[in-house]
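What follows is one structure encoded as C-alpha cells, with my remarks underneath.
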Amino acid sequence: MKSYKIAAIPGDGIGSEVISAGVEVLAALEKRMGSLRFEVTQFDWGSDYYKRHGEMMPADGLAQLKPFDAIYFGAVGAPDVPDHITLWGLRLPICQGFDQYANVRPTKILPGIRTPLKDVGAGDLDWVIVRENSEGEYSGNGGRTHRGMPEEVATEVSIFTRVGVERIMRYAFRLAQMRPRKRLTVVTKSNAQRFGMVLWDEIAAEVARDFPDVAWDKMLVDAMTVRMVLDPKSLDTIVATNLHADILSDLAGALAGSLGVAPTANIDPEGRFPSMFEPIHGSAFDITGKGIANPVATFWTAVQMLEHLGEVESSQRLMAAIEKACEAGIMTPDVGGTATTREVTEAVIQAIHGSNS
C-alpha cells in the first residue's frame, strides 16, 4: 500500500468548504482503490490566523510543510485584510520558498457545462496554460519612497533571468511534446517591453531547437485574448509570464464555463520540495457559508495532485467521476445548476465507487 502525507491548508472563505469536500473525495478514492492511503494534516493558516497572530502563517511554516508529499490549498483573501498581505503572507512564500516555478492550469469544457463561446462544446477547447511562477512581474522587487508626499514614487520591477525563463520554456515544450497535438504557443509582449520580454522571446527560440517535433508560434498577449475567444480550437499548450498567464488563465476558466471548474498545480518539477495544488476561484466571500461553492475545481486539482504523485489510475478514475457528475447535470449555480456543494460531492463519490474507467 502506498501512503502519502498531504498538508491541507483550507485558507479563507469557501476554501474550507471545498477542501473539506476534496478530502472526502480522497477518502473515497482510498477506499475504492484499496492500495492508497492519504494521511491528511490540516493547517489553520490564513486571514483568521493573521488576525490572531499578525502573520498569515508561522515563521517556520515552510519547515512544517517540507516533509509532506503534497500541499492541498483552498483559497486566500479576505475583505478586511489587504490583498497584498494575504497573498505575500501565505501563497507566494510557499510557491517561491519551495521553488514551484511551473504553475500548470488545464482548461477544457466538461460534459454538461455550457461555454459562452459560440459553436464550441466539450472536446473543442482543451488547453494547458503553463505559467512562470517564480519571477517575472511577481518578483516582489521594487519599493516606495517619499510616502504620502506629492512626489511619492512606487516601482515594481519585473525580473527575467536566463535560468528562470529557460527552465519554464523547457517545461512547456516537454509538456507540449507529450500531448497529442504537440503544439505550443508562447505568449509575449516584446513589442512594448523591449528588455525582459525580448530575452523571453530569444530563449523560447533557442529552446525550440531542442524540440523539433513541437510546432510552436508566438503571440502578443493582447492578441492572445482575441484568439482564445475567436479561435479556441487553434490552441493547445500555452506558456506565459507570471502576470500574463495569471490573467489569461482566468479568461480560460470563464470560457470553459466558470472559475469554479478551474484547477491549478504549483509544481517543483525537480521534486526537491512538495508541490501545491489549488483551485483558482479564490475565497469568494459572497457565497461563503451558503453551501453552493463549486467543488469541481478542487476535485480536478486533486486529479493533478494524483498525477504528480504518479497515481495515474486513481487520477483517471477521479476525472471520470467528475465528468460523470457534470454530465448528469449535478452542478452548482455558477455553471447553471441547482445542486449544492454537498450534492456535487456525493455525486462524485458515488461515481468513484461505481465507475469502471
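Scheme for the C-alpha cells: letters A, B, ... for chains in order shown; per-chain residue numbers from 1; ligand numbers from 1 in order shown.
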Which residues of range 170-253 of chain A come within 10 Å of range 109-129 of chain A, and what is each one's closest atom pair and distance in Å (one decimal), counting only C-alpha atoms, sorted by chain and residue number, as JSON lines?
{"residue": "A:Ala172", "atom": "CA", "partner": "A:Ile129", "partner_atom": "CA", "distance": 8.7}
{"residue": "A:Leu175", "atom": "CA", "partner": "A:Val128", "partner_atom": "CA", "distance": 8.8}
{"residue": "A:Ala176", "atom": "CA", "partner": "A:Val128", "partner_atom": "CA", "distance": 8.8}
{"residue": "A:Arg179", "atom": "CA", "partner": "A:Val128", "partner_atom": "CA", "distance": 9.7}
{"residue": "A:Leu184", "atom": "CA", "partner": "A:Val128", "partner_atom": "CA", "distance": 9.6}
{"residue": "A:Thr185", "atom": "CA", "partner": "A:Ile129", "partner_atom": "CA", "distance": 9.5}
{"residue": "A:Met228", "atom": "CA", "partner": "A:Leu125", "partner_atom": "CA", "distance": 9.4}
{"residue": "A:Val229", "atom": "CA", "partner": "A:Leu117", "partner_atom": "CA", "distance": 6.9}
{"residue": "A:Leu230", "atom": "CA", "partner": "A:Leu117", "partner_atom": "CA", "distance": 8.2}
{"residue": "A:Asp231", "atom": "CA", "partner": "A:Leu125", "partner_atom": "CA", "distance": 9.7}
{"residue": "A:Pro232", "atom": "CA", "partner": "A:Leu125", "partner_atom": "CA", "distance": 6.1}
{"residue": "A:Lys233", "atom": "CA", "partner": "A:Asp124", "partner_atom": "CA", "distance": 5.9}
{"residue": "A:Ser234", "atom": "CA", "partner": "A:Leu125", "partner_atom": "CA", "distance": 9.0}
{"residue": "A:Leu235", "atom": "CA", "partner": "A:Trp127", "partner_atom": "CA", "distance": 6.6}
{"residue": "A:Asp236", "atom": "CA", "partner": "A:Trp127", "partner_atom": "CA", "distance": 4.6}
{"residue": "A:Thr237", "atom": "CA", "partner": "A:Val128", "partner_atom": "CA", "distance": 4.9}
{"residue": "A:Ile238", "atom": "CA", "partner": "A:Ile129", "partner_atom": "CA", "distance": 4.7}
{"residue": "A:Val239", "atom": "CA", "partner": "A:Ile129", "partner_atom": "CA", "distance": 5.9}
{"residue": "A:Ala240", "atom": "CA", "partner": "A:Ile129", "partner_atom": "CA", "distance": 7.6}
{"residue": "A:Ala245", "atom": "CA", "partner": "A:Ile129", "partner_atom": "CA", "distance": 7.0}
{"residue": "A:Asp246", "atom": "CA", "partner": "A:Ile129", "partner_atom": "CA", "distance": 9.4}
{"residue": "A:Leu248", "atom": "CA", "partner": "A:Ile129", "partner_atom": "CA", "distance": 8.3}
{"residue": "A:Ser249", "atom": "CA", "partner": "A:Ile129", "partner_atom": "CA", "distance": 6.7}
{"residue": "A:Ala252", "atom": "CA", "partner": "A:Trp127", "partner_atom": "CA", "distance": 8.5}
{"residue": "A:Gly253", "atom": "CA", "partner": "A:Ile109", "partner_atom": "CA", "distance": 9.2}
Tell me which protein, DNA and RNA residues are within 12 Å of Gly310 in chain A, counting only C-alpha atoms, leaving out same-chain ones fewer than 4 positions away, and put them as a PyMOL selection string.
-> chain A and resi 2+4+36+69+303-306+314-316
Pick out each residue of range 88-232 of chain A that DSSP on the backbone tags as strand (DSSP E); I need them as number ranges by chain.
-> A: 102-108, 126-132, 136-145, 153-159, 183-188, 215-220
May I have the residues from that selection written out with C-alpha atoms, as a compact mmCIF listing (two decimals), in the first residue's frame?
# COMPACT_ATOMS: atom_id res chain seq x y z
CA ALA A 102 5.76 25.78 -13.01
CA ASN A 103 2.14 26.77 -12.48
CA VAL A 104 0.05 24.42 -14.61
CA ARG A 105 -3.58 25.23 -15.39
CA PRO A 106 -5.53 22.79 -17.59
CA THR A 107 -8.73 24.03 -19.20
CA LYS A 108 -11.39 22.07 -21.01
CA ASP A 126 -8.62 21.57 -24.45
CA TRP A 127 -5.73 23.73 -23.27
CA VAL A 128 -2.96 23.67 -20.72
CA ILE A 129 -1.60 27.05 -19.65
CA VAL A 130 1.91 26.97 -18.18
CA ARG A 131 2.62 30.00 -16.01
CA GLU A 132 6.13 31.01 -14.97
CA GLY A 136 8.66 37.97 -13.86
CA GLU A 137 6.17 40.60 -12.77
CA TYR A 138 5.61 38.99 -9.34
CA SER A 139 9.23 39.03 -8.21
CA GLY A 140 8.48 41.40 -5.35
CA ASN A 141 11.33 43.67 -6.42
CA GLY A 142 10.76 47.40 -6.06
CA GLY A 143 9.74 49.85 -3.41
CA ARG A 144 8.13 53.13 -2.43
CA THR A 145 9.80 56.38 -1.46
CA VAL A 153 7.23 57.12 -6.22
CA ALA A 154 6.44 53.39 -6.42
CA THR A 155 8.44 50.98 -8.55
CA GLU A 156 7.55 47.39 -9.43
CA VAL A 157 10.46 45.69 -11.18
CA SER A 158 9.89 42.63 -13.35
CA ILE A 159 12.78 40.20 -13.24
CA ARG A 183 1.68 22.39 -30.28
CA LEU A 184 2.89 25.30 -28.11
CA THR A 185 2.02 28.99 -28.18
CA VAL A 186 4.49 31.33 -26.49
CA VAL A 187 2.79 34.48 -25.17
CA THR A 188 4.86 37.66 -25.15
CA ALA A 215 5.10 23.11 -33.62
CA TRP A 216 5.25 26.48 -31.92
CA ASP A 217 4.20 30.05 -32.54
CA LYS A 218 4.45 33.38 -30.72
CA MET A 219 1.56 35.66 -29.79
CA LEU A 220 1.33 39.10 -28.21
Write out as a ChimeraX atom specification which residues come within 9 Å of Gly22 in chain A when counting only C-alpha atoms, dropping same-chain ones fewer than 2 positions away.
-> /A:17-20,24-27,72,295-296,298-299,301-302,345
Residues from the last selection, C-alpha atoms, saved as an mmCIF file, in the first residue's frame:
data_model
loop_
_atom_site.group_PDB
_atom_site.id
_atom_site.type_symbol
_atom_site.label_atom_id
_atom_site.label_comp_id
_atom_site.auth_asym_id
_atom_site.auth_seq_id
_atom_site.Cartn_x
_atom_site.Cartn_y
_atom_site.Cartn_z
ATOM 1 C CA GLU A 17 -15.789 24.184 2.171
ATOM 2 C CA VAL A 18 -14.080 22.949 -0.989
ATOM 3 C CA ILE A 19 -11.016 21.476 0.718
ATOM 4 C CA SER A 20 -13.284 19.588 3.102
ATOM 5 C CA GLU A 24 -13.791 13.421 1.373
ATOM 6 C CA VAL A 25 -13.176 12.559 -2.259
ATOM 7 C CA LEU A 26 -9.615 11.468 -1.489
ATOM 8 C CA ALA A 27 -11.007 9.204 1.253
ATOM 9 C CA TYR A 72 -3.769 20.852 -0.901
ATOM 10 C CA PRO A 295 -16.015 21.880 -5.575
ATOM 11 C CA VAL A 296 -15.194 20.704 -9.125
ATOM 12 C CA THR A 298 -10.807 21.384 -6.128
ATOM 13 C CA PHE A 299 -11.547 17.834 -7.286
ATOM 14 C CA THR A 301 -6.876 19.898 -8.617
ATOM 15 C CA ALA A 302 -6.757 16.575 -6.770
ATOM 16 C CA THR A 345 -19.511 15.905 -3.666
#
Would you mind writing down, as number ranges by chain, each residue of range 5-69 of chain A that DSSP on the backbone assigns to helix (DSSP H, G or I)?
-> A: 15-33, 47-53, 61-65
For Ala321 in chain A, work out the shell of residues within 10 Å, counting only C-alpha atoms and skipping chain neighbours fewer than 2 positions away, then give it as an mmCIF file with N, CA and C atoms, in the first residue's frame.
data_model
loop_
_atom_site.group_PDB
_atom_site.id
_atom_site.type_symbol
_atom_site.label_atom_id
_atom_site.label_comp_id
_atom_site.auth_asym_id
_atom_site.auth_seq_id
_atom_site.Cartn_x
_atom_site.Cartn_y
_atom_site.Cartn_z
ATOM 1 N N PHE A 299 -11.671 19.244 -6.922
ATOM 2 C CA PHE A 299 -11.547 17.834 -7.286
ATOM 3 C C PHE A 299 -10.575 17.661 -8.453
ATOM 4 N N SER A 315 -6.019 9.014 -10.632
ATOM 5 C CA SER A 315 -6.320 10.315 -11.227
ATOM 6 C C SER A 315 -7.347 10.168 -12.348
ATOM 7 N N GLN A 316 -7.216 9.123 -13.151
ATOM 8 C CA GLN A 316 -8.160 8.891 -14.242
ATOM 9 C C GLN A 316 -9.549 8.557 -13.703
ATOM 10 N N ARG A 317 -9.601 7.777 -12.645
ATOM 11 C CA ARG A 317 -10.885 7.423 -12.050
ATOM 12 C C ARG A 317 -11.581 8.664 -11.494
ATOM 13 N N LEU A 318 -10.833 9.526 -10.832
ATOM 14 C CA LEU A 318 -11.430 10.738 -10.276
ATOM 15 C C LEU A 318 -11.911 11.662 -11.389
ATOM 16 N N MET A 319 -11.110 11.838 -12.450
ATOM 17 C CA MET A 319 -11.523 12.706 -13.550
ATOM 18 C C MET A 319 -12.788 12.170 -14.211
ATOM 19 N N GLU A 323 -16.484 14.109 -14.502
ATOM 20 C CA GLU A 323 -17.196 14.278 -15.779
ATOM 21 C C GLU A 323 -18.563 13.616 -15.741
ATOM 22 N N LYS A 324 -18.663 12.473 -15.065
ATOM 23 C CA LYS A 324 -19.945 11.776 -14.964
ATOM 24 C C LYS A 324 -20.963 12.613 -14.187
ATOM 25 N N ALA A 325 -20.525 13.206 -13.078
ATOM 26 C CA ALA A 325 -21.428 14.034 -12.273
ATOM 27 C C ALA A 325 -21.887 15.258 -13.053
ATOM 28 N N CYS A 326 -20.954 15.902 -13.765
ATOM 29 C CA CYS A 326 -21.309 17.078 -14.566
ATOM 30 C C CYS A 326 -22.257 16.708 -15.697
ATOM 31 N N GLU A 327 -21.977 15.601 -16.351
ATOM 32 C CA GLU A 327 -22.817 15.172 -17.476
ATOM 33 C C GLU A 327 -24.233 14.857 -17.020
ATOM 34 N N ALA A 347 -22.263 13.064 -5.467
ATOM 35 C CA ALA A 347 -22.357 12.501 -6.817
ATOM 36 C C ALA A 347 -21.000 12.017 -7.308
ATOM 37 N N VAL A 348 -19.948 12.789 -7.030
ATOM 38 C CA VAL A 348 -18.608 12.389 -7.452
ATOM 39 C C VAL A 348 -18.143 11.166 -6.675
ATOM 40 N N ILE A 349 -18.433 11.114 -5.391
ATOM 41 C CA ILE A 349 -18.053 9.956 -4.581
ATOM 42 C C ILE A 349 -18.773 8.702 -5.070
ATOM 43 N N GLN A 350 -20.053 8.849 -5.402
ATOM 44 C CA GLN A 350 -20.826 7.711 -5.920
ATOM 45 C C GLN A 350 -20.234 7.239 -7.253
ATOM 46 N N ALA A 351 -19.845 8.166 -8.092
ATOM 47 C CA ALA A 351 -19.246 7.809 -9.378
ATOM 48 C C ALA A 351 -17.881 7.143 -9.196
ATOM 49 N N ILE A 352 -17.134 7.554 -8.193
ATOM 50 C CA ILE A 352 -15.844 6.905 -7.905
ATOM 51 C C ILE A 352 -16.052 5.426 -7.603
ATOM 52 N N HIS A 353 -17.072 5.141 -6.810
ATOM 53 C CA HIS A 353 -17.320 3.753 -6.418
ATOM 54 C C HIS A 353 -17.956 2.946 -7.538
ATOM 55 N N GLY A 354 -18.657 3.646 -8.450
ATOM 56 C CA GLY A 354 -19.390 2.913 -9.487
ATOM 57 C C GLY A 354 -18.703 2.862 -10.822
ATOM 58 N N SER A 355 -17.691 3.742 -11.047
ATOM 59 C CA SER A 355 -17.059 3.828 -12.357
ATOM 60 C C SER A 355 -16.082 2.679 -12.568
ATOM 61 N N ASN A 356 -16.052 2.173 -13.796
ATOM 62 C CA ASN A 356 -15.100 1.129 -14.165
ATOM 63 C C ASN A 356 -13.977 1.662 -15.040
ATOM 64 N N SER A 357 -13.932 2.992 -15.230
ATOM 65 C CA SER A 357 -12.913 3.556 -16.121
ATOM 66 C C SER A 357 -11.575 3.603 -15.432
#
